[in-house]
Every structure is written in structure tokens, then in C-alpha cells.
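**Q** Following this message is one structure expressed as C-alpha cells.
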Amino acid sequence: MKFESPNGEGAAKSPLLLGITEVIAPTAEMIDKEKLKETIEACLEGSDKFLVDLRVNPRNGKILVLIDGDSGVAIKDCAGLSRHIESVFDREQEDYELEVSSAGIGTPLTMIRQYRLNAGRLIQVQLKDGKKVKGKMTEVLENGIRIEPESPKKGKKKKNPDTDPESLMTILFTDILEAKIQPSYK
């Protein structure tokens, strides 16, 4: 690929482009996302760990694997999965940079299984209509969640959800744009 000046005569005069006459395509290929997903799921099968998200960026070769588990995720779980992926995909054939990590507290919940794991915790929900709700997730239903919203003003007496069911808010999964577990410092 030659770089030409706007009038079409010869190479561009920019000092940044001097000596550049062609772009060489990389020889390695990017990993097939479906094959990678199958490899990850096969490795996690039989454990309480599960795949939350898989991102493959073919432009820069970066692969991000997010996992979660019913009993949490330890560093050794991430390292073991990383070693397994690297044993299946040859870096001489596929060009990639791999990151395997747990779905942390700031990661949006994407699966019902994650909601169930976090029942009883503080959650912030961004609804599709633009509203935000923050409160304790008291229950996970088949089609949504129940939240005891935080009081909007300090000094107001908080309603007891056991004696006042109107204090609970039901949010359908179909109405949720994003939900994240919030840290609790109590």
C-alpha cells in the first residue's frame, strides 16, 4: 500500500510516513471465539465455576474471560483455566493476549445464577427507562428480583419489609439495563 499526496503524485511528504511503502499483514490468525467458548466450558464442566463473559478483540488480539462460581473464584481457578486455554491454542498459530479473571464487584450481573449468588446484598439497578434503584436485593424470582430500596432521605424511618410488603420493589429482568453489586461497609 503506497501513501500518496492528495494530488496523486508520489509518496506523501509527512516525516511520519517517510520510508513506509506497504503494510505487512500479520501471519498468525485470531482464535475462533466459538471454539474458545467450548474449550472454556469443557474445562469448567463438573465444577461450580461458570463462564460469565467472553470477549475476543480481533483488532488487537486481546481475549478477556470472566468467570464466576457458586463458592467464589480463587486466583488458582483463573490460573488453571488460563493454562488450559494456552495448552489448547498454540501461540505460534494464533496470535492472542489472554486475561482470565473473576467477575468482580463492579462487573454487571448477566445471569440469573449471579443474582441468586448475591441475594441479600446491596445492588444498584439501572432500568431501561433511565431510573436508578439502589437497595438490598431480598429475593430472586424466575422473572425478576425484589429490592428493598434505600431511603431517599436520612432521618426517615425505614419501613420493615416483613411487616410492610409495600416497601419492596419488584423489578423484572426485562426492565433491567444493568445491575451491579455495591460494596457494603457496614
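Chain labels A, B, ... are given in the sequence in which chains occur in the C-alpha cells; within each chain residues are numbered consecutively from 1, and ligands are likewise numbered from 1 in the order shown.
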Using only C-alpha atoms, determine which residues lie at most 8 Å from Thr170 in chain A, disregarding the query and same-chain residues fewer than 6 positions distant; provide the list as JSON, numbers by chain.
**A** {"A": [144, 145, 146, 147]}
**Q** Between CA of Ile63 in chain A and CA of Met111 in chain A, what is the distance, to one decimal in Å?
**A**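 Computing the Euclidean distance for CA of Ile63 in chain A and CA of Met111 in chain A yields 20.5 Å.
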**Q** If I take CA of Leu168 in chain A and CA of Glu150 in chain A, how far is one from the other in Å, to one decimal?
**A**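 Computed distance, CA of Leu168 in chain A to CA of Glu150 in chain A, equals 10.3 Å.
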**Q** Let me make sure I understand: among A:Val140, A:Leu127, A:Leu122, A:Ala42, which one has the smallest atom-to-atom distance to Ile176 in chain A if we use only C-alpha atoms?
**A**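 Residue with the minimum atom-to-atom distance to Ile176 in chain A: A:Leu127.
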**Q** May I have the residues within 10 Å of Val56 in chain A as a VMD selection string, using only C-alpha atoms and disregarding those fewer than 5 positions away in the same chain?
**A** chain A and resid 30 to 33 36 61 to 65 96 to 98
**Q** Those selected residues, please, written with N, CA, C and O atoms and delivered as a short mmCIF file (atom, residue, chain, number, x, y, z; two decimals), in the first residue's frame.
**A**
```
data_model
loop_
_atom_site.label_atom_id
_atom_site.label_comp_id
_atom_site.auth_asym_id
_atom_site.auth_seq_id
_atom_site.Cartn_x
_atom_site.Cartn_y
_atom_site.Cartn_z
N MET A 30 -6.40 -15.12 14.39
CA MET A 30 -7.07 -14.94 15.68
C MET A 30 -7.84 -16.20 16.03
O MET A 30 -8.35 -16.89 15.16
N ILE A 31 -7.95 -16.47 17.32
CA ILE A 31 -8.67 -17.64 17.83
C ILE A 31 -10.14 -17.55 17.47
O ILE A 31 -10.76 -16.49 17.55
N ASP A 32 -10.72 -18.69 17.12
CA ASP A 32 -12.16 -18.78 16.85
C ASP A 32 -12.91 -18.70 18.18
O ASP A 32 -12.68 -19.52 19.08
N LYS A 33 -13.79 -17.72 18.33
CA LYS A 33 -14.49 -17.47 19.58
C LYS A 33 -15.34 -18.66 20.03
O LYS A 33 -15.38 -19.00 21.21
N LEU A 36 -13.14 -21.38 21.37
CA LEU A 36 -12.63 -20.95 22.66
C LEU A 36 -13.70 -21.13 23.74
O LEU A 36 -13.42 -21.65 24.82
N GLY A 61 -5.94 -8.62 19.31
CA GLY A 61 -5.63 -9.97 19.79
C GLY A 61 -5.90 -10.19 21.26
O GLY A 61 -5.48 -11.20 21.82
N LYS A 62 -6.62 -9.29 21.91
CA LYS A 62 -6.89 -9.44 23.34
C LYS A 62 -8.12 -10.31 23.57
O LYS A 62 -9.14 -10.13 22.93
N ILE A 63 -7.99 -11.21 24.53
CA ILE A 63 -9.08 -12.09 24.92
C ILE A 63 -9.32 -11.87 26.41
O ILE A 63 -8.39 -11.94 27.21
N LEU A 64 -10.57 -11.60 26.78
CA LEU A 64 -10.95 -11.44 28.18
C LEU A 64 -11.97 -12.53 28.52
O LEU A 64 -13.00 -12.64 27.86
N VAL A 65 -11.64 -13.31 29.54
CA VAL A 65 -12.53 -14.37 30.02
C VAL A 65 -12.92 -14.03 31.45
O VAL A 65 -12.05 -13.89 32.31
N TYR A 96 -2.61 -14.02 20.29
CA TYR A 96 -3.54 -13.52 21.29
C TYR A 96 -2.83 -13.12 22.57
O TYR A 96 -1.72 -13.56 22.86
N GLU A 97 -3.52 -12.27 23.34
CA GLU A 97 -3.12 -11.89 24.69
C GLU A 97 -4.30 -12.29 25.56
O GLU A 97 -5.43 -11.85 25.32
N LEU A 98 -4.07 -13.12 26.57
CA LEU A 98 -5.14 -13.72 27.35
C LEU A 98 -5.21 -13.14 28.76
O LEU A 98 -4.19 -13.02 29.44
#
```
